[in-house]
Amino acid sequence: MASIFNALNIGYSGLNAAQVGIDTTGHNISNAETAGYTRQRVVTAAATPVSIEPGQRGNGTQITEIVRVFDSFVYNQYKVASQNKSYSDEMKKNLQELSTYFPDIQNNGIKNDLQNYFNTWQSLADNPSNSSLKVSLAQQTQTLTQNINQTRAKISDLQNSLNDQVAVNIEEVNRIAGQIAALNKSITSAESNGINNANDLRDQRGKLELTLSSLIGAKATEGQITSNNVVDSNISEGNGSYTIQVSGFNLVDGSSFHPIGIDKTGNKNGYNDLYYQRQDGVKIPFAEKITAGKVGALLELRGSKIGSDGEFEDGFLQDTMTNMDNFTKGLIEATNSVYAQSATSKMRSNNLSFSDTQSLLSTGENFKAGTFDVVAYDINGKEVARRSITINEKTVMDNASATNLLSDGITPNSIVDQLTAQKDDNADNNALNDINNILNPVFTIPANTLSIDLSPSFDSQGYTFAIEDNGTNFAGVTGVNRFLDGNNGKNISLKSDFKSDPSQINAFKLPSSGDNQTALDMVNLQFASVSFTNGLTTSDDTIYSYYDTMVTKIGTKANAVISTNESITAQYNAIKQEQDSISGVSIDEEMANLIRYQTSYGAAAKIITTIDQMMTTLLGIKA
């Protein structure tokens, strides 16, 4: 039965509702600048009325719940946009840095050094005996090679930096995943009665979700999404089982999480490999699974798959270094192939990566089937002997033992055997003045080095010899009479003998005064077709064209990423604005609510004071 005390309770319910409204509004205002905070609303409803004749009487108000104004669909779009922006920003930043390593404009960069290098050869060709020009050539060559070394090192350093960043960000991913799992447990506990909403805990989790999505492209799913249009058309919240996945693998499953493993043991370069460990202990390679977010960009640039040689089999930086090594190797081999025609008294190859009995065409080096000529000159520069050496599928470096066989059981022919074979190179019926008499070739094991010396009697007579290639690239690969040391961008350099004594550089082909053929051929090399290979594929191009193509790939990639980044940023800003309009705190709106609740509080207080006066009057009548 309704009474004056029930009226007092009605006033109190209004007072309490206004107080909670003021508290919630104050909470919103206090967190207006808090990242990830979602504005909250107090939901009230009429309390259960008192049934009394002639009809039900109101029993005041009650607070049914405090909800956050949150739209799961818009928030998921926001997470995807944030993920795309994080990926694009990381790609843009690193590609812009990579582009600065190739400043091939305004007389800077490797291409300009190449042009100066060939111009110096031209100057030497014009005056082949000028010692100062040889010094200038040695200096310009070192400028070119050092610039190549430094550029290659910068790319490698950038790759190593990204490698370190991968580890740091994966550790952050694991830390966040652990926090989300702990929050899930707290949220479940707080909402277990089916009445309370763990709004602030859900905000904390949502903020971590957003970070996780930006880092690794993680996707969160939570039970069934339900809407609450009665309260606000923007409310749609998920409830139930909660998981976070990357490429179908669970990182978080309710209150448990599965960390991503980092392993760099057994890798000679110290690259951080990633794995996902199943419950049965099996480790699944995981780097290739991550294709989005900041880490996805890092892996796309750094590389995600480590080969048996410890190098990455993919990654834009790795491709760039491979192209640069191919370019450098092609430059070295083409240069050394030309310089090998300059007559000398001895030849020493590089330490070769293959054995004496391995078929040259199967080594993975840039040997080609065909022939090259070994030519001997007397002290006056007159050609005295010439022998053609053949390279085919049976050719090896040395066949010292008759038992040496190729994989098909065929006895090979060898470079050493062809040089030492008894032949009448001069067709003069003189068995004492042929290549096999003039030269003494030796293949040294285990250094795997080919040495070719003049026989002592011919050496004392001032004889010299050279190699003229007909397309086999033998001298280029082996470096038997080289101008450049090394075989890639890391180790290319001017031959050490020429560094210490540039006067040893030869501009001639024939050892005679005024000859400048080698220098002229070096000048023409810049316009000739050169073979560039990485052991698997080979392409023929000019030195300038191959380099321009490599640099263009970098520039095109960078420009495409920059252009895409502008579009992605615009999309992100638009979706963020929509997200903020739904869940963000509006100070103007909250201040209006504060005035409304203040008025409601005063009105409810007036009800109570009125009831108090009624009770005083009632008690006064009794007296």
# chains A, B, ... in the order shown; residues from 1 in each chain; ligands from 1
>>> select_by_dssp(residues="segment 241-342 of chain A", states="strand (DSSP E)", output="ChimeraX atom specification")
/A:241-246,249-253,256-257,260-263,273-277,283-285
>>> write_last_selection(atoms="C-alpha atoms", output="PDB file, in the first residue's frame")
ATOM      1  CA  SER A 241      33.637 -16.308 -26.364  1.00  0.00           C
ATOM      2  CA  TYR A 242      36.592 -14.109 -27.267  1.00  0.00           C
ATOM      3  CA  THR A 243      39.546 -14.896 -29.550  1.00  0.00           C
ATOM      4  CA  ILE A 244      42.289 -13.001 -31.358  1.00  0.00           C
ATOM      5  CA  GLN A 245      43.722 -14.623 -34.484  1.00  0.00           C
ATOM      6  CA  VAL A 246      46.480 -14.032 -37.007  1.00  0.00           C
ATOM      7  CA  PHE A 249      46.191 -19.043 -35.480  1.00  0.00           C
ATOM      8  CA  ASN A 250      44.857 -18.110 -32.031  1.00  0.00           C
ATOM      9  CA  LEU A 251      47.002 -15.678 -30.088  1.00  0.00           C
ATOM     10  CA  VAL A 252      44.336 -15.156 -27.425  1.00  0.00           C
ATOM     11  CA  ASP A 253      41.614 -17.634 -26.535  1.00  0.00           C
ATOM     12  CA  SER A 256      44.727 -17.856 -22.208  1.00  0.00           C
ATOM     13  CA  PHE A 257      47.200 -16.696 -24.838  1.00  0.00           C
ATOM     14  CA  ILE A 260      54.774 -16.003 -30.881  1.00  0.00           C
ATOM     15  CA  GLY A 261      58.248 -17.478 -30.509  1.00  0.00           C
ATOM     16  CA  ILE A 262      61.457 -15.758 -31.604  1.00  0.00           C
ATOM     17  CA  ASP A 263      64.467 -17.850 -32.557  1.00  0.00           C
ATOM     18  CA  ASP A 273      62.899 -16.125 -37.117  1.00  0.00           C
ATOM     19  CA  LEU A 274      59.332 -16.427 -35.859  1.00  0.00           C
ATOM     20  CA  TYR A 275      57.370 -19.542 -34.999  1.00  0.00           C
ATOM     21  CA  TYR A 276      54.036 -20.585 -33.495  1.00  0.00           C
ATOM     22  CA  GLN A 277      54.201 -23.530 -31.130  1.00  0.00           C
ATOM     23  CA  LYS A 283      56.867 -25.322 -34.125  1.00  0.00           C
ATOM     24  CA  ILE A 284      55.233 -23.822 -37.203  1.00  0.00           C
ATOM     25  CA  PRO A 285      57.128 -21.135 -39.184  1.00  0.00           C
TER      26      PRO A 285
END
>>> closest_residue(among="A:Ala35, A:Ala287, A:Val69, A:Leu133", to="Thr120 of chain A", atoms="only C-alpha atoms")
A:Leu133
>>> closest_residue(among="A:Leu361, A:Leu95, A:Ile621, A:Val551", to="Ala297 of chain A", atoms="only C-alpha atoms")
A:Leu95
>>> residues_around(residues="Ser545 of chain A", least_positions_apart="6", cutoff="12 Å", atoms="only C-alpha atoms", output="compact mmCIF listing (two decimals) with C-alpha atoms, in the first residue's frame")
# COMPACT_ATOMS: atom_id res chain seq x y z
CA LYS A 111 76.11 6.24 -61.67
CA PHE A 327 75.24 -5.55 -60.80
CA GLN A 526 80.11 1.01 -70.65
CA PHE A 527 78.10 0.62 -73.87
CA ALA A 528 78.57 -3.15 -74.34
CA SER A 529 76.14 -5.91 -73.37
CA VAL A 530 77.18 -7.43 -70.04
CA PHE A 532 74.47 -10.27 -65.00
CA SER A 539 70.19 -11.25 -68.02
CA VAL A 551 67.29 2.23 -59.04
CA THR A 552 64.00 2.68 -60.93
>>> residues_around(residues="Asp200 of chain A", least_positions_apart="4", cutoff="12 Å", atoms="only C-alpha atoms", output="ChimeraX atom specification")
/A:24,27-28,31,34-40,66-68,183,186-187,190,196,204-207
>>> write_last_selection(atoms="C-alpha atoms", output="PDB file, in the first residue's frame")
ATOM      1  CA  THR A  24      28.879   9.293 -15.113  1.00  0.00           C
ATOM      2  CA  HIS A  27      33.580  10.424 -15.565  1.00  0.00           C
ATOM      3  CA  ASN A  28      33.087  11.188 -19.277  1.00  0.00           C
ATOM      4  CA  ASN A  31      38.328  11.061 -19.641  1.00  0.00           C
ATOM      5  CA  THR A  34      41.915   9.531 -22.566  1.00  0.00           C
ATOM      6  CA  ALA A  35      42.927   7.440 -25.591  1.00  0.00           C
ATOM      7  CA  GLY A  36      40.541   4.558 -26.204  1.00  0.00           C
ATOM      8  CA  TYR A  37      37.882   5.792 -23.803  1.00  0.00           C
ATOM      9  CA  THR A  38      34.251   5.300 -24.835  1.00  0.00           C
ATOM     10  CA  ARG A  39      31.601   7.668 -23.507  1.00  0.00           C
ATOM     11  CA  GLN A  40      29.065   6.114 -21.142  1.00  0.00           C
ATOM     12  CA  ILE A  66      25.425   2.000 -17.393  1.00  0.00           C
ATOM     13  CA  VAL A  67      26.404   1.343 -20.997  1.00  0.00           C
ATOM     14  CA  ARG A  68      29.105   2.626 -23.272  1.00  0.00           C
ATOM     15  CA  LEU A 183      41.458  -8.486 -19.009  1.00  0.00           C
ATOM     16  CA  SER A 186      38.456  -9.705 -15.259  1.00  0.00           C
ATOM     17  CA  ILE A 187      35.646  -8.822 -17.668  1.00  0.00           C
ATOM     18  CA  ALA A 190      32.766  -8.445 -13.518  1.00  0.00           C
ATOM     19  CA  ASN A 196      26.973  -5.114 -14.702  1.00  0.00           C
ATOM     20  CA  GLN A 204      41.190  -1.005 -21.957  1.00  0.00           C
ATOM     21  CA  ARG A 205      40.840  -4.179 -23.975  1.00  0.00           C
ATOM     22  CA  GLY A 206      39.648  -2.284 -27.036  1.00  0.00           C
ATOM     23  CA  LYS A 207      42.667  -0.002 -26.862  1.00  0.00           C
TER      24      LYS A 207
END
>>> select_by_dssp(residues="segment 415-495 of chain A", states="alpha helix (DSSP H)", output="PyMOL selection string")
chain A and resi 415-420+435-438+456-460+474-478
>>> residues_around(residues="segment 342-359 of chain A", least_positions_apart="3", cutoff="6 Å", atoms="only C-alpha atoms", output="VMD selection string")
chain A and resid 339 362 394 to 398 447 to 453 464 to 466 478 to 481 508 to 509
>>> atom_distance(atom1="atom CA of Asp424 of chain A", atom2="atom CA of Asn437 of chain A")
10.3 Å
>>> residues_around(residues="Lys557 of chain A", least_positions_apart="4", cutoff="12 Å", atoms="only C-alpha atoms", output="list in words")
Met91, Lys92, Asn94, Leu95, Gln96, Leu98, Ser99, Leu301, Phe316, Leu317, Thr320, Met550, Val551, Thr552, Lys553, Val561, Ile562, Ser563 and Thr564 of chain A
>>> write_last_selection(atoms="C-alpha atoms", output="tab-separated table (two decimals), in the first residue's frame")
chain	number	residue	atom	x	y	z
A	91	MET	CA	56.68	1.02	-45.69
A	92	LYS	CA	56.80	4.71	-46.56
A	94	ASN	CA	61.79	2.83	-44.77
A	95	LEU	CA	61.48	3.12	-48.55
A	96	GLN	CA	62.07	6.84	-48.33
A	98	LEU	CA	66.29	3.47	-48.90
A	99	SER	CA	65.79	5.96	-51.72
A	301	LEU	CA	61.03	-5.28	-46.40
A	316	PHE	CA	62.47	-6.03	-50.84
A	317	LEU	CA	65.74	-5.09	-49.14
A	320	THR	CA	67.74	-4.85	-53.67
A	550	MET	CA	67.61	-1.37	-60.24
A	551	VAL	CA	67.29	2.23	-59.04
A	552	THR	CA	64.00	2.68	-60.93
A	553	LYS	CA	62.52	-0.31	-59.08
A	561	VAL	CA	53.82	3.49	-51.43
A	562	ILE	CA	53.80	7.26	-50.89
A	563	SER	CA	50.82	7.67	-53.20
A	564	THR	CA	48.95	4.81	-51.54
>>> residues_around(residues="Ala603 of chain A", least_positions_apart="4", cutoff="12 Å", atoms="only C-alpha atoms", output="ChimeraX atom specification")
/A:10-18,596-599,607-610
>>> closest_residue(among="A:Asp104, A:Asp548, A:Asp164, A:Glu97", to="Lys264 of chain A", atoms="only C-alpha atoms")
A:Asp164
>>> closest_residue(among="A:Thr472, A:Thr390, A:Thr141, A:Ser132", to="Ser496 of chain A", atoms="only C-alpha atoms")
A:Thr141
>>> decode(residues="segment 379-496 of chain A", atoms="C-alpha atoms", output="compact mmCIF listing (two decimals), in the first residue's frame")
# COMPACT_ATOMS: atom_id res chain seq x y z
CA ILE A 379 109.75 -9.04 -75.58
CA ASN A 380 108.91 -6.91 -78.65
CA GLY A 381 105.19 -7.49 -78.35
CA LYS A 382 105.06 -9.91 -81.23
CA GLU A 383 102.57 -12.77 -80.99
CA VAL A 384 104.55 -16.04 -80.87
CA ALA A 385 101.90 -18.61 -79.89
CA ARG A 386 98.13 -18.89 -79.57
CA ARG A 387 95.96 -21.71 -78.28
CA SER A 388 92.19 -21.99 -78.16
CA ILE A 389 90.78 -23.47 -74.93
CA THR A 390 87.30 -25.01 -75.00
CA ILE A 391 84.66 -24.91 -72.27
CA ASN A 392 81.79 -27.36 -72.57
CA GLU A 393 79.73 -29.59 -70.30
CA LYS A 394 82.77 -31.83 -69.68
CA THR A 395 85.25 -29.09 -68.82
CA VAL A 396 86.74 -28.91 -65.31
CA MET A 397 89.66 -26.92 -63.94
CA ASP A 398 92.09 -29.82 -63.49
CA ASN A 399 92.08 -33.52 -64.22
CA ALA A 400 95.29 -34.50 -62.51
CA SER A 401 94.00 -37.99 -61.78
CA ALA A 402 92.79 -40.19 -64.62
CA THR A 403 90.18 -41.64 -62.27
CA ASN A 404 88.34 -38.30 -62.01
CA LEU A 405 84.90 -38.67 -63.56
CA LEU A 406 81.88 -36.42 -63.93
CA SER A 407 78.52 -37.51 -62.51
CA ASP A 408 77.67 -39.21 -65.80
CA GLY A 409 80.84 -41.31 -65.69
CA ILE A 410 82.54 -39.42 -68.51
CA THR A 411 86.21 -38.54 -68.15
CA PRO A 412 86.38 -34.74 -68.29
CA ASN A 413 88.65 -32.48 -70.20
CA SER A 414 90.28 -29.79 -68.08
CA ILE A 415 91.68 -26.29 -68.46
CA VAL A 416 95.06 -27.40 -67.14
CA ASP A 417 95.17 -30.40 -69.48
CA GLN A 418 94.32 -28.24 -72.48
CA LEU A 419 97.09 -25.80 -71.59
CA THR A 420 99.69 -28.52 -71.09
CA ALA A 421 98.69 -30.71 -74.04
CA GLN A 422 101.45 -31.29 -76.63
CA LYS A 423 100.37 -29.27 -79.66
CA ASP A 424 102.11 -27.44 -82.49
CA ASP A 425 100.45 -24.08 -81.93
CA ASN A 426 102.65 -22.34 -84.50
CA ALA A 427 102.49 -25.04 -87.18
CA ASP A 428 106.27 -24.79 -87.46
CA ASN A 429 107.08 -28.39 -86.49
CA ASN A 430 108.96 -27.00 -83.47
CA ALA A 431 107.91 -28.73 -80.28
CA LEU A 432 109.74 -26.26 -78.05
CA ASN A 433 107.89 -22.96 -78.62
CA ASP A 434 104.25 -23.78 -78.04
CA ILE A 435 101.89 -22.73 -75.23
CA ASN A 436 102.60 -25.93 -73.31
CA ASN A 437 106.30 -24.99 -73.39
CA ILE A 438 105.86 -21.31 -72.59
CA LEU A 439 103.35 -21.61 -69.73
CA ASN A 440 103.22 -23.61 -66.53
CA PRO A 441 99.60 -23.87 -65.21
CA VAL A 442 98.93 -25.24 -61.69
CA PHE A 443 95.66 -25.67 -59.82
CA THR A 444 96.31 -25.54 -56.06
CA ILE A 445 94.15 -27.42 -53.54
CA PRO A 446 92.52 -26.70 -51.06
CA ALA A 447 92.73 -22.98 -51.90
CA ASN A 448 91.24 -23.86 -55.30
CA THR A 449 93.44 -21.34 -57.06
CA LEU A 450 94.62 -21.46 -60.66
CA SER A 451 98.13 -20.11 -61.21
CA ILE A 452 99.69 -19.65 -64.64
CA ASP A 453 103.39 -18.75 -64.79
CA LEU A 454 105.86 -18.41 -67.61
CA SER A 455 108.37 -21.20 -67.83
CA PRO A 456 111.69 -19.89 -66.45
CA SER A 457 113.49 -19.82 -69.81
CA PHE A 458 110.73 -17.80 -71.49
CA ASP A 459 110.31 -15.57 -68.44
CA SER A 460 114.01 -14.66 -68.65
CA GLN A 461 113.50 -13.70 -72.30
CA GLY A 462 110.84 -11.15 -71.39
CA TYR A 463 107.86 -13.10 -72.70
CA THR A 464 104.33 -12.17 -71.63
CA PHE A 465 100.92 -13.71 -72.19
CA ALA A 466 97.24 -12.81 -72.08
CA ILE A 467 93.73 -14.23 -72.37
CA GLU A 468 91.38 -13.14 -75.13
CA ASP A 469 87.88 -14.26 -74.39
CA ASN A 470 85.37 -15.27 -77.04
CA GLY A 471 82.35 -15.27 -74.76
CA THR A 472 83.16 -17.88 -72.09
CA ASN A 473 83.71 -15.29 -69.31
CA PHE A 474 86.53 -17.52 -68.00
CA ALA A 475 88.85 -14.67 -67.07
CA GLY A 476 85.96 -12.67 -65.63
CA VAL A 477 84.82 -15.44 -63.26
CA THR A 478 88.27 -16.64 -62.18
CA GLY A 479 89.95 -13.22 -62.09
CA VAL A 480 93.24 -14.71 -63.31
CA ASN A 481 94.42 -11.33 -64.58
CA ARG A 482 92.10 -8.92 -62.86
CA PHE A 483 91.70 -5.21 -62.39
CA LEU A 484 89.03 -5.50 -59.66
CA ASP A 485 88.99 -7.74 -56.60
CA GLY A 486 85.83 -9.22 -55.05
CA ASN A 487 82.64 -10.72 -56.38
CA ASN A 488 79.80 -8.65 -54.87
CA GLY A 489 78.84 -5.26 -53.50
CA LYS A 490 80.35 -6.01 -50.09
CA ASN A 491 83.89 -6.76 -51.22
CA ILE A 492 84.46 -5.08 -54.59
CA SER A 493 87.74 -3.13 -54.59
CA LEU A 494 90.65 -2.16 -56.79
CA LYS A 495 93.22 -4.95 -56.98
CA SER A 496 95.57 -4.56 -54.01
